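Chemist: Input file: target_21.cif. Contents: mmCIF, C-alpha atoms.
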data_model
#
loop_
_atom_site.label_atom_id
_atom_site.label_comp_id
_atom_site.auth_asym_id
_atom_site.auth_seq_id
_atom_site.Cartn_x
_atom_site.Cartn_y
_atom_site.Cartn_z
CA MET A 176 -8.27 35.06 -119.79
CA ILE A 177 -8.53 35.74 -116.07
CA ALA A 178 -10.18 38.76 -114.67
CA PRO A 179 -8.16 41.04 -112.38
CA GLY A 180 -10.47 40.39 -109.44
CA GLU A 181 -10.10 36.66 -109.78
CA ALA A 182 -6.29 36.96 -110.02
CA GLY A 183 -6.25 38.99 -106.81
CA ARG A 184 -8.37 36.42 -105.03
CA GLN A 185 -6.04 33.62 -106.16
CA GLN A 186 -2.97 35.55 -104.93
CA SER A 187 -4.56 36.27 -101.58
CA GLY A 188 -5.67 32.67 -101.25
CA SER A 189 -2.16 31.40 -101.96
CA GLY A 190 -0.78 33.82 -99.39
CA ASP A 191 -3.15 32.58 -96.67
CA HIS A 192 -2.23 29.00 -97.48
CA GLY A 193 1.50 29.73 -97.06
CA LYS A 194 0.90 31.47 -93.78
CA THR A 195 -1.06 28.48 -92.48
CA ILE A 196 1.78 26.09 -93.33
CA LYS A 197 4.34 28.41 -91.72
CA ASP A 198 2.33 28.56 -88.52
CA GLN A 199 2.26 24.74 -88.24
CA VAL A 200 6.07 24.23 -88.12
CA GLU A 201 8.41 24.47 -85.09
CA THR A 202 11.94 25.92 -85.41
CA CYS A 203 14.80 24.09 -83.64
CA SER A 204 16.68 26.37 -81.24
CA HIS A 205 20.03 24.67 -82.04
CA CYS A 206 20.21 24.38 -85.83
CA GLY A 207 17.21 26.46 -86.92
CA ALA A 208 15.63 23.62 -88.92
CA GLU A 209 11.88 23.51 -89.25
CA ASN A 210 10.16 20.50 -87.64
CA PRO A 211 6.55 19.46 -87.35
CA PRO A 212 5.11 20.42 -84.00
CA GLY A 213 5.17 17.91 -81.12
CA LEU A 214 8.49 16.16 -81.91
CA LEU A 215 10.80 15.22 -79.05
CA LEU A 216 13.98 15.26 -81.25
CA CYS A 217 14.93 17.50 -84.14
CA VAL A 218 14.93 15.67 -87.47
CA THR A 219 18.17 17.44 -88.50
CA CYS A 220 20.44 17.58 -85.43
CA GLY A 221 18.71 15.10 -83.11
CA ARG A 222 18.51 17.52 -80.18
CA ASP A 223 15.60 18.84 -78.13
CA PRO A 224 13.85 21.40 -80.42
CA LYS A 225 12.87 23.68 -77.55
CA SER A 226 16.06 23.79 -75.44
CA GLY A 227 18.64 22.61 -77.98
CA ARG A 228 20.10 20.19 -75.40
CA ASP A 229 21.59 16.86 -76.45
CA LEU A 230 19.47 14.32 -74.58
CA PHE A 231 21.97 11.48 -75.20
CA ALA A 232 25.02 13.34 -73.88
CA ALA A 233 26.48 12.82 -70.42
CA PRO A 234 25.05 15.13 -67.74
CA GLU A 235 26.97 18.32 -67.31
CA VAL A 236 28.23 18.81 -63.79
CA PRO A 237 28.97 22.47 -63.06
CA MET A 238 32.37 23.31 -61.60
CA PRO A 239 32.67 25.28 -58.39
CA GLY A 240 31.98 28.93 -59.00
CA GLU A 241 30.12 28.35 -62.28
CA SER A 242 26.41 28.86 -62.66
CA PRO A 243 24.52 25.65 -63.45
CA ALA A 244 22.73 25.13 -66.71
CA PRO A 245 19.16 26.38 -66.76
CA TRP A 246 17.72 22.91 -67.16
CA LEU A 247 19.60 21.70 -64.06
CA VAL A 248 18.01 24.30 -61.86
CA SER A 249 14.83 23.01 -60.16
CA PRO A 250 12.14 25.31 -58.87
CA SER A 251 12.15 26.04 -55.17
CA SER A 252 8.74 24.38 -54.68
CA GLU A 253 10.22 20.99 -55.62
CA LEU A 254 12.97 21.27 -53.00
CA THR A 255 10.66 22.01 -50.08
CA ILE A 256 10.88 19.42 -47.25
CA THR A 257 7.88 19.01 -44.92
CA LEU A 258 8.92 18.15 -41.38
CA PRO A 259 6.62 16.15 -39.05
CA ASP A 260 4.98 17.75 -36.05
CA PRO A 261 7.24 17.93 -33.02
CA ILE A 262 6.83 15.22 -30.38
CA GLU A 263 5.54 16.54 -27.08
CA VAL A 264 7.19 14.86 -24.12
CA PRO A 265 5.19 15.15 -20.88
CA ASN A 266 7.02 16.80 -18.07
CA PRO A 267 7.34 15.18 -15.58
CA LEU A 268 7.25 11.64 -17.06
CA PRO A 269 4.52 9.37 -15.54
CA ILE A 270 5.88 6.55 -13.41
CA PRO A 271 3.85 3.28 -13.70
CA SER A 272 2.57 1.81 -10.47
CA LEU A 273 1.83 -1.77 -9.43
CA GLU A 274 -1.88 -1.26 -10.09
CA ASP A 275 -1.12 -0.69 -13.79
CA PHE A 276 0.44 -4.14 -14.05
CA ALA A 277 -2.16 -5.99 -11.94
CA ALA A 278 -4.62 -8.17 -13.87
CA LEU A 279 -8.26 -7.22 -13.92
CA PRO A 280 -10.52 -9.27 -11.66
CA PRO A 281 -12.32 -12.09 -13.50
CA GLN A 282 -15.60 -10.84 -14.89
CA PRO A 283 -18.62 -13.16 -15.05
CA PRO A 284 -19.46 -14.11 -18.63
CA LEU A 285 -22.24 -12.25 -20.33
CA VAL A 286 -25.63 -13.91 -20.70
CA PRO A 287 -25.70 -15.56 -24.13
CA PRO A 288 -28.54 -14.40 -26.37
CA PRO A 289 -31.59 -16.66 -26.51
CA VAL A 290 -31.90 -19.09 -29.39
CA TYR A 291 -35.33 -19.56 -30.97
CA ARG A 292 -36.07 -23.00 -32.40
CA ALA A 293 -39.06 -23.68 -34.61
CA ALA A 294 -42.00 -25.72 -33.39
CA PRO A 295 -42.33 -29.31 -34.66
CA PRO A 296 -44.18 -29.55 -38.00
CA GLU A 297 -47.71 -30.81 -38.37
CA PRO A 298 -47.99 -34.62 -38.42
CA LYS A 299 -48.26 -35.90 -41.99
CA ALA A 300 -48.79 -39.65 -41.53
CA LEU A 301 -52.07 -40.10 -39.63
CA ALA A 302 -52.96 -43.57 -38.32
CA PRO A 303 -56.43 -44.80 -37.20
CA VAL A 304 -57.23 -44.10 -33.58
CA LEU A 305 -58.66 -47.58 -32.95
CA SER A 306 -56.56 -50.70 -33.25
CA PRO A 307 -57.56 -53.20 -35.99
CA GLY A 308 -59.62 -55.47 -33.68
CA PRO A 309 -61.93 -52.83 -32.13
CA ARG A 310 -62.09 -50.99 -35.44
CA TRP A 311 -63.43 -54.05 -37.30
CA THR A 312 -65.86 -54.83 -34.46
CA VAL A 313 -67.30 -51.30 -34.31
CA GLY A 314 -67.45 -51.15 -38.10
CA LEU A 315 -69.35 -54.45 -38.59
CA VAL A 316 -71.73 -53.99 -35.64
CA GLY A 317 -72.49 -50.40 -36.63
CA LEU A 318 -73.06 -51.41 -40.24
CA VAL A 319 -75.54 -54.14 -39.25
CA VAL A 320 -77.44 -51.80 -36.92
CA LEU A 321 -77.63 -49.09 -39.54
CA MET A 322 -78.86 -51.55 -42.17
CA ILE A 323 -81.63 -52.79 -39.86
CA LEU A 324 -82.72 -49.25 -39.00
CA GLY A 325 -82.60 -48.20 -42.62
CA LEU A 326 -84.72 -51.14 -43.79
CA GLY A 327 -87.19 -50.52 -40.96
CA ALA A 328 -87.52 -46.84 -41.88
CA ALA A 329 -88.02 -47.75 -45.55
CA ALA A 330 -90.69 -50.38 -44.69
CA SER A 331 -92.54 -47.94 -42.44
CA LEU A 332 -92.63 -45.31 -45.18
CA ALA A 333 -93.77 -47.93 -47.70
CA THR A 334 -96.74 -48.92 -45.47
CA LEU A 335 -97.60 -45.23 -45.01
CA ASN A 336 -96.56 -45.36 -41.34
CA LEU A 337 -95.13 -41.84 -41.33
CA GLY A 338 -94.58 -41.65 -37.56
CA GLY A 339 -92.60 -44.88 -37.38
CA GLY A 340 -90.65 -44.02 -40.54
CA LEU A 341 -89.65 -40.60 -39.24
CA CYS A 342 -88.66 -42.07 -35.86
CA LEU A 343 -86.47 -44.78 -37.39
CA GLY A 344 -84.97 -42.30 -39.88
CA ALA A 345 -84.06 -39.85 -37.12
CA LEU A 346 -82.49 -42.67 -35.08
CA TRP A 347 -80.54 -43.78 -38.14
CA LEU A 348 -79.16 -40.25 -38.59
CA VAL A 349 -78.27 -40.01 -34.90
CA LEU A 350 -76.25 -43.26 -35.08
CA VAL A 351 -74.61 -42.85 -38.48
CA ILE A 352 -72.80 -39.61 -37.59
CA PRO A 353 -70.83 -40.95 -34.54
CA TRP A 354 -70.23 -44.23 -36.39
CA LEU A 355 -68.63 -42.39 -39.29
CA ALA A 356 -66.67 -40.18 -36.88
CA ILE A 357 -65.25 -43.22 -35.05
CA MET A 358 -64.39 -45.03 -38.27
CA SER A 359 -62.68 -42.02 -39.88
CA ALA A 360 -60.80 -40.82 -36.78
CA ARG A 361 -57.04 -40.46 -37.40
CA ARG A 362 -54.23 -39.33 -35.14
CA GLY A 363 -50.56 -38.41 -35.56
CA GLU A 364 -47.65 -37.10 -33.54
CA THR A 365 -44.36 -35.40 -34.36
CA ARG A 366 -41.45 -34.66 -32.07
CA SER A 367 -38.81 -31.97 -32.38
CA THR A 368 -35.35 -33.50 -32.02
CA ALA A 369 -33.91 -30.10 -31.07
CA THR A 370 -36.28 -29.29 -28.21
CA GLY A 371 -38.17 -32.51 -27.40
CA ALA A 372 -41.56 -30.78 -27.79
CA ARG A 373 -44.36 -32.97 -29.19
CA ARG A 374 -47.18 -31.97 -31.50
CA GLN A 375 -50.34 -34.12 -31.45
CA LEU A 376 -53.30 -34.05 -33.82
CA VAL A 377 -56.56 -36.04 -33.94
CA MET A 378 -58.87 -35.52 -36.93
CA THR A 379 -62.23 -36.96 -37.88
CA LEU A 380 -64.60 -36.18 -40.76
CA GLY A 381 -62.06 -33.62 -42.01
CA GLN A 382 -62.22 -31.61 -38.77
CA SER A 383 -59.64 -31.26 -35.99
CA LEU A 384 -60.95 -33.01 -32.90
CA PHE A 385 -57.88 -32.53 -30.69
CA GLU A 386 -54.72 -30.54 -31.38
CA ARG A 387 -51.73 -29.89 -29.16
CA THR A 388 -49.39 -27.39 -30.83
CA PRO A 389 -46.17 -26.10 -29.18
CA SER A 390 -44.85 -22.72 -30.27
CA ALA A 391 -41.25 -21.80 -31.10
CA THR A 392 -38.89 -22.68 -28.26
CA LYS A 393 -36.75 -20.03 -26.57
CA GLU A 394 -33.49 -21.59 -25.42
CA GLN A 395 -31.20 -19.84 -22.92
CA LEU A 396 -27.82 -21.30 -22.01
CA ALA A 397 -26.78 -21.23 -18.37
CA LYS A 398 -24.19 -18.75 -17.09
CA LEU A 399 -21.22 -20.74 -15.87
CA PRO A 400 -18.85 -19.64 -13.10
CA VAL A 401 -15.46 -18.26 -14.07
CA LYS A 402 -13.71 -20.54 -11.58
CA HIS A 403 -13.55 -24.11 -12.84
CA VAL A 404 -13.10 -27.25 -10.82
CA PRO A 405 -9.60 -28.77 -11.03
CA PRO A 406 -9.33 -32.20 -12.70
CA LEU A 407 -10.74 -34.86 -10.39
CA THR A 408 -8.59 -37.83 -9.48
CA GLN A 409 -11.77 -39.80 -8.81
CA PRO A 410 -15.18 -39.71 -10.51
CA ALA A 411 -17.51 -37.07 -9.18
CA SER A 412 -20.16 -39.66 -8.28
CA HIS A 413 -17.67 -41.35 -5.92
CA LEU A 414 -16.79 -38.11 -4.17
CA ILE A 415 -20.42 -37.10 -3.75
CA TYR A 416 -21.36 -40.57 -2.52
CA LEU A 417 -18.77 -40.31 0.24
CA SER A 418 -20.38 -37.12 1.58
CA SER A 419 -24.06 -37.94 0.91
CA THR A 420 -26.30 -38.31 3.94
CA GLY A 421 -29.94 -39.01 4.65
CA GLY A 422 -32.29 -41.64 3.28
CA ARG A 423 -31.91 -43.58 0.05
CA ALA A 424 -33.91 -41.07 -1.99
CA GLY A 425 -31.89 -38.16 -0.58
CA GLN A 426 -28.59 -39.90 -1.33
CA LEU A 427 -29.64 -40.67 -4.91
CA THR A 428 -30.72 -37.06 -5.39
CA GLN A 429 -27.39 -35.71 -4.10
CA VAL A 430 -25.34 -38.12 -6.20
CA LEU A 431 -27.22 -37.45 -9.45
CA LEU A 432 -27.41 -33.68 -8.95
CA GLY A 433 -23.75 -33.45 -8.01
CA THR A 434 -22.74 -35.65 -10.96
CA LEU A 435 -24.57 -33.38 -13.40
CA CYS A 436 -22.92 -30.30 -11.86
CA ALA A 437 -19.50 -31.97 -12.07
CA LEU A 438 -20.04 -32.83 -15.74
CA VAL A 439 -20.97 -29.19 -16.35
CA ALA A 440 -17.86 -28.04 -14.49
CA ASP A 441 -15.64 -30.31 -16.63
CA ASP A 442 -17.22 -28.95 -19.87
CA HIS A 443 -18.73 -32.33 -20.76
CA VAL A 444 -22.37 -31.18 -20.82
CA GLU A 445 -24.23 -27.87 -21.05
CA LEU A 446 -27.34 -26.76 -19.22
CA ALA A 447 -30.02 -24.61 -20.81
CA THR A 448 -33.53 -23.45 -20.06
CA GLN A 449 -36.14 -24.14 -22.72
CA THR A 450 -39.43 -22.26 -22.62
CA TYR A 451 -42.35 -22.63 -25.02
CA ASP A 452 -46.14 -22.27 -25.01
CA VAL A 453 -48.44 -25.19 -25.82
CA LEU A 454 -51.91 -24.55 -27.24
CA THR A 455 -54.40 -27.38 -26.66
CA ALA A 456 -57.49 -27.01 -28.88
CA ARG A 457 -60.66 -29.07 -28.49
CA PRO A 458 -64.01 -28.64 -30.25
CA PHE A 459 -65.53 -26.60 -27.43
CA ARG A 460 -62.55 -25.42 -25.35
CA GLN A 461 -59.00 -24.15 -25.74
CA SER A 462 -56.22 -23.86 -23.19
CA GLN A 463 -52.64 -22.57 -23.28
CA ASP A 464 -49.86 -23.71 -20.97
CA THR A 465 -46.25 -22.57 -20.63
CA VAL A 466 -43.65 -25.34 -20.47
CA ARG A 467 -40.31 -24.58 -18.84
CA ARG A 468 -37.75 -27.36 -18.64
CA THR A 469 -34.03 -27.87 -18.08
CA ALA A 470 -32.34 -29.24 -21.20
CA VAL A 471 -29.01 -31.05 -21.12
CA PHE A 472 -26.71 -30.93 -24.17
CA PRO A 473 -23.71 -33.20 -24.79
CA ARG A 474 -20.53 -31.16 -25.21
CA THR A 475 -17.54 -33.50 -25.19
CA LEU A 476 -17.01 -37.22 -24.89
CA TYR A 477 -16.42 -38.38 -21.33
CA VAL A 478 -13.17 -40.28 -20.99
CA GLY A 479 -13.18 -40.87 -17.24
CA THR A 480 -13.87 -44.05 -15.29
CA GLY A 481 -17.04 -43.02 -13.46
CA TYR A 482 -19.80 -45.60 -13.61
CA LEU A 483 -22.61 -43.08 -13.29
CA GLU A 484 -21.00 -40.58 -15.66
CA LYS A 485 -20.78 -43.18 -18.41
CA ILE A 486 -24.46 -44.04 -18.01
CA VAL A 487 -25.43 -40.35 -18.18
CA LEU A 488 -23.55 -39.71 -21.41
CA LYS A 489 -24.72 -43.01 -22.91
CA GLN A 490 -28.31 -41.90 -22.38
CA MET A 491 -27.54 -38.46 -23.83
CA ARG A 492 -26.18 -40.01 -27.02
CA ARG A 493 -29.57 -41.64 -27.59
CA THR A 494 -31.47 -38.34 -27.35
CA ASN A 495 -30.18 -35.00 -28.58
CA THR A 496 -31.61 -32.72 -25.88
CA PRO A 497 -33.29 -34.65 -23.09
CA SER A 498 -34.76 -32.82 -20.15
CA ALA A 499 -33.16 -33.35 -16.77
CA ARG A 500 -36.14 -35.36 -15.53
CA GLU A 501 -36.10 -37.68 -18.55
CA LEU A 502 -32.35 -38.13 -18.27
CA VAL A 503 -32.40 -38.98 -14.57
CA THR A 504 -35.34 -41.37 -15.03
CA ASP A 505 -33.52 -43.26 -17.80
CA VAL A 506 -30.32 -43.39 -15.76
CA LEU A 507 -32.10 -44.76 -12.70
CA HIS A 508 -33.94 -47.44 -14.66
CA GLN A 509 -30.74 -48.55 -16.35
CA ALA A 510 -28.62 -48.46 -13.22
CA GLY A 511 -31.10 -50.50 -11.22
CA ALA A 512 -31.88 -50.53 -7.54
CA ASP A 513 -28.28 -51.22 -6.47
CA LEU A 514 -26.83 -47.95 -7.81
CA LEU A 515 -25.37 -46.81 -4.50
CA GLU A 516 -23.97 -50.28 -3.81
CA ARG A 517 -22.19 -50.29 -7.16
CA ILE A 518 -20.69 -46.86 -6.51
CA ALA A 519 -19.61 -47.99 -3.03
CA ALA A 520 -17.91 -51.06 -4.51
CA ASP A 521 -16.09 -48.95 -7.09
CA VAL A 522 -14.94 -46.53 -4.38
CA SER A 523 -13.56 -49.35 -2.24
CA GLU A 524 -11.73 -50.90 -5.20
CA GLU A 525 -10.15 -47.59 -6.24
CA SER A 526 -9.20 -46.69 -2.66
CA ALA A 527 -7.50 -50.10 -2.26
CA VAL A 528 -5.51 -49.55 -5.44
CA GLN A 529 -4.62 -45.93 -4.72
CA ASP A 530 -3.57 -46.29 -1.08
CA ALA A 531 -0.04 -45.22 -1.94
CA GLN A 532 -1.21 -42.07 -3.67
CA ALA A 533 -4.30 -41.07 -1.73
CA PRO A 534 -5.89 -37.96 -3.33
CA ASP A 535 -7.05 -35.03 -1.29
CA LEU A 536 -10.77 -35.80 -1.41
CA ASP A 537 -11.73 -32.96 0.93
CA THR A 538 -10.16 -30.38 -1.38
CA GLN A 539 -11.99 -31.79 -4.39
CA MET A 540 -15.29 -31.91 -2.54
CA THR A 541 -14.81 -28.30 -1.44
CA ALA A 542 -14.16 -27.24 -5.05
CA LEU A 543 -17.29 -29.07 -6.21
CA ARG A 544 -19.41 -27.46 -3.53
CA GLU A 545 -18.07 -23.99 -4.40
CA PHE A 546 -18.84 -24.56 -8.08
CA CYS A 547 -22.39 -25.71 -7.28
CA GLU A 548 -22.98 -22.72 -5.03
CA GLU A 549 -21.71 -20.27 -7.66
CA LEU A 550 -23.76 -21.99 -10.37
CA LYS A 551 -26.81 -21.68 -8.13
CA ALA A 552 -26.09 -17.99 -7.51
CA LEU A 553 -25.71 -17.23 -11.22
CA ASN A 554 -28.76 -19.27 -12.32
CA PRO A 555 -31.14 -19.52 -9.34
CA GLU A 556 -34.24 -20.44 -11.38
CA LEU A 557 -32.37 -22.93 -13.55
CA TYR A 558 -30.69 -24.59 -10.59
CA GLU A 559 -33.94 -24.80 -8.66
CA GLN A 560 -35.67 -26.38 -11.63
CA LEU A 561 -32.78 -28.81 -12.13
CA ALA A 562 -32.88 -29.86 -8.49
CA GLY A 563 -36.68 -30.23 -8.63
CA ASP A 564 -36.53 -32.40 -11.75
CA VAL A 565 -33.87 -34.66 -10.26
CA GLU A 566 -35.73 -35.00 -6.97
CA GLU A 567 -39.05 -35.73 -8.70
CA ALA A 568 -37.46 -38.41 -10.89
CA VAL A 569 -35.78 -40.03 -7.87
CA GLN A 570 -39.01 -39.98 -5.83
CA GLY A 571 -40.90 -41.64 -8.68
CA PHE A 572 -38.20 -44.30 -9.07
CA VAL A 573 -38.12 -45.07 -5.34
CA ARG A 574 -41.93 -45.19 -5.22
CA ASP A 575 -42.09 -47.66 -8.10
CA LEU A 576 -39.31 -49.70 -6.49
CA ARG A 577 -41.18 -49.96 -3.20
CA GLN A 578 -44.43 -50.90 -4.92
CA GLY A 579 -42.65 -53.61 -6.91
CA SER A 580 -40.96 -55.07 -3.84
CA GLY A 581 -44.15 -54.85 -1.75
#
Before we go any further, please render this structure as structure tokens.

Modeler:
Amino acid sequence: MIAPGEAGRQQSGSGDHGKTIKDQVETCSHCGAENPPGLLLCVTCGRDPKSGRDLFAAPEVPMPGESPAPWLVSPSSELTITLPDPIEVPNPLPIPSLEDFAALPPQPPLVPPPVYRAAPPEPKALAPVLSPGPRWTVGLVGLVVLMILGLGAAASLATLNLGGGLCLGALWLVLVIPWLAIMSARRGETRSTATGARRQLVMTLGQSLFERTPSATKEQLAKLPVKHVPPLTQPASHLIYLSSTGGRAGQLTQVLLGTLCALVADDHVELATQTYDVLTARPFRQSQDTVRRTAVFPRTLYVGTGYLEKIVLKQMRRTNTPSARELVTDVLHQAGADLLERIAADVSEESAVQDAQAPDLDTQMTALREFCEELKALNPELYEQLAGDVEEAVQGFVRDLRQGSG
């Protein structure tokens, strides 16, 4: 038997359950069938449960005068068109002038930033300072002398001659220290291929006796003129030789300096200033010097016919960044004493061949001079150093030549 209270609870519970199921169904607006919520199509008629519209039917186009279907009407916010801002036309219109179409004057190139190159590393392979012959001689003689002094000191101490033993022992100590220092002395040297700086080291008895250490090199490329020299119909060394005056040393200086400037103008080589400090350390004194030199870099391969130009670039291929003084010295020693005669012979041969088409040499010489003057104005310190290096190398070559002939 079931109590009345329990029967009431069961009836109320069944009523709540039916209400929950009824709330979870969705009635189709077309056929009135009940569908689970969330369906896109009615399970009975196949239409949209909410609007009752047949989604697979052709679109209904309203006739003129008829009101469109509610689902064809779009809200006004969707039909809003945003127009761009109006274009403002200046009044009156600006008329361009000739100055607007004129090209800007050529501006000198900016100074390139300096490049810092590391100092050469410490020498690793150290060789004896003395050559084998003197090293063996000093070693054997010193060993014999030290043996004699050592035996004499030992004999004096054995005969209780303390004064003589102490004297000989002190002399033995005084001689053994420099002998060991000479026998153990080693030296080494490294060279930076990028800057040409050299690092030297001499060590003995584990201590540095002499050290020459260059710091990191600051490299500054030269500012080049905007105006370039037109292509030369003859090598630059020929043109400069024709206008060179003065003694033999002055002519060589003009030819070499002008040839380097012409190679720079034709983009075959680059000029740069290299600056670095060199610390020289000795046991009792230290000194620091600043080295400033003109470095020459190969840029392109020279394809002309100039005798001197070929020698310059041949020397530059042997060394990555030679200084101007080293380059000119090597060129002079390779060219020999008859450099000007060779250039004169080449000029006469080319002039004999090109009589029909004689080039305007004056115009080319004027262009070279203008380029040199502008290069000097843009880089006064670099040009002065370049000219000084070339002149010093030529003076040394001429001096050696006169001494050899005398």

Chemist: Find the residues around stretch 218-227 of chain A up to 6 Å (only C-alpha atoms counted), leave out those fewer than 4 positions away in its own chain, and share them as number ranges by chain.

Modeler: A: 203-205

Chemist: Report as a PyMOL selection string all protein, DNA and RNA residues lying within 12 Å of A:Gly571, evaluated on all atoms listed in the file, omitting residues in the same chain fewer than 3 positions from it.

Modeler: chain A and resi 424+427-428+500-501+503-505+507-508+564-568+574-578

Chemist: Which residues are close to A:Ala519, i.e. within 9 Å by all atoms listed in the file, leaving aside same-chain residues fewer than 4 positions away? Reply as number ranges by chain.

Modeler: A: 413, 416-417, 514-515, 523-524

Chemist: Print the selection's residues with C-alpha atoms to a file, as a PDB file, in the frame of the given file.

Modeler:
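Output (part38.pdb):
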ATOM      1  CA  HIS A 413     -17.670 -41.350  -5.920  1.00  0.00           C
ATOM      2  CA  TYR A 416     -21.360 -40.570  -2.520  1.00  0.00           C
ATOM      3  CA  LEU A 417     -18.770 -40.310   0.240  1.00  0.00           C
ATOM      4  CA  LEU A 514     -26.830 -47.950  -7.810  1.00  0.00           C
ATOM      5  CA  LEU A 515     -25.370 -46.810  -4.500  1.00  0.00           C
ATOM      6  CA  SER A 523     -13.560 -49.350  -2.240  1.00  0.00           C
ATOM      7  CA  GLU A 524     -11.730 -50.900  -5.200  1.00  0.00           C
TER       8      GLU A 524
END

Chemist: How many Å lie between atom CA of A:Thr448 and atom CA of A:Gly479, rounded to one decimal?

Modeler: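 So the two atoms, atom CA of A:Thr448 and atom CA of A:Gly479, lie 26.9 Å apart.
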
Chemist: How would you write, as a compact mmCIF listing (two decimals) with C-alpha atoms, keeping the file's coordinate frame, the residues chosen by the PyMOL selection byres ((chain A and resi 341) around 12) on this structure?

Modeler:
# COMPACT_ATOMS: atom_id res chain seq x y z
CA LEU A 324 -82.72 -49.25 -39.00
CA GLY A 325 -82.60 -48.20 -42.62
CA GLY A 327 -87.19 -50.52 -40.96
CA ALA A 328 -87.52 -46.84 -41.88
CA ALA A 329 -88.02 -47.75 -45.55
CA ALA A 330 -90.69 -50.38 -44.69
CA SER A 331 -92.54 -47.94 -42.44
CA LEU A 332 -92.63 -45.31 -45.18
CA ALA A 333 -93.77 -47.93 -47.70
CA LEU A 335 -97.60 -45.23 -45.01
CA ASN A 336 -96.56 -45.36 -41.34
CA LEU A 337 -95.13 -41.84 -41.33
CA GLY A 338 -94.58 -41.65 -37.56
CA GLY A 339 -92.60 -44.88 -37.38
CA GLY A 340 -90.65 -44.02 -40.54
CA CYS A 342 -88.66 -42.07 -35.86
CA LEU A 343 -86.47 -44.78 -37.39
CA GLY A 344 -84.97 -42.30 -39.88
CA ALA A 345 -84.06 -39.85 -37.12
CA LEU A 346 -82.49 -42.67 -35.08
CA TRP A 347 -80.54 -43.78 -38.14
CA LEU A 348 -79.16 -40.25 -38.59

Chemist: Hey, can you check how far atom CA of A:Pro389 sits from atom CA of A:Val466?

Modeler: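 Separation of atom CA of A:Pro389 and atom CA of A:Val466: 9.1 Å.
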
Chemist: Go ahead and find all residues with at least one atom no further than 9 Å from (-17.7, -22.5, -11.4) in the file's coordinates, using all atoms listed in the file; report them as a list of chain:residue names.

Modeler: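 These residues have at least one counted atom within 9 Å: A:Leu399, A:Pro400, A:Val401, A:Lys402, A:His403, A:Val404, A:Val439, A:Ala440, A:Ala542, A:Leu543, A:Glu545, A:Phe546, A:Cys547, A:Glu548, A:Glu549, A:Leu550.
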
Chemist: So what do you get for atom CA of A:Pro406 versus atom CA of A:Val471, distance-wise?

Modeler: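 Atom-to-atom, atom CA of A:Pro406 to atom CA of A:Val471, that is 21.4 Å.
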
Chemist: For this structure, which residues satisfy the selection - the PyMOL selection byres ((chain A and resi 438) around 10) - when it is evaluated on the file as given? I want them as a ChimeraX atom specification.

Modeler: /A:410-411,433-437,439-445,473-475,477,484,487-488

Chemist: Tell me, as a ChimeraX atom specification, which residues lie within 10 Å of stretch 298-311 of chain A, counting all atoms listed in the file; anything in the same chain fewer than 5 positions away does not count.

Modeler: /A:316-317,357-366,374-379

Chemist: Counting all atoms listed in the file, figure out which residue out of A:Val319, A:Leu355, A:Leu214, A:Ala470 gets nearest to A:Thr202.

Modeler: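 Looking at the shortest contact to A:Thr202, the residue is A:Leu214.
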
Chemist: For the structure provided, state which residues fall under the PyMOL selection byres ((chain A and resi 556) around 12), and present them as a list in words.

Modeler: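 Going through the file, the PyMOL selection byres ((chain A and resi 556) around 12) ends up selecting Gln395, Ala397, Lys398, Ala447, Thr448, Arg467, Arg468, Thr469, Leu550, Lys551, Ala552, Leu553, Asn554, Pro555, Leu557, Tyr558, Glu559, Gln560, Leu561, Ala562 and Gly563 of chain A.
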
Chemist: Which is closer to A:Thr455 than all the others in A:Ser383, A:Glu201, A:Cys206, A:Gly371, using all atoms listed in the file?

Modeler: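 Counting all atoms listed in the file, the residue closest to A:Thr455 is A:Ser383.
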
Chemist: Quick one: residues within 12 Å of (-41.3, -32.3, -28.7) (file frame), counting all atoms listed in the file, please, as a PyMOL selection string.

Modeler: chain A and resi 292-297+364-375+387-392+449-453+466+468+494-498

Chemist: Can you work out which one of A:Asp229, A:Leu321, A:Asp535, A:Val430 has the shortest atom-to-atom distance to A:Ile352, counting only C-alpha atoms?

Modeler: A:Leu321
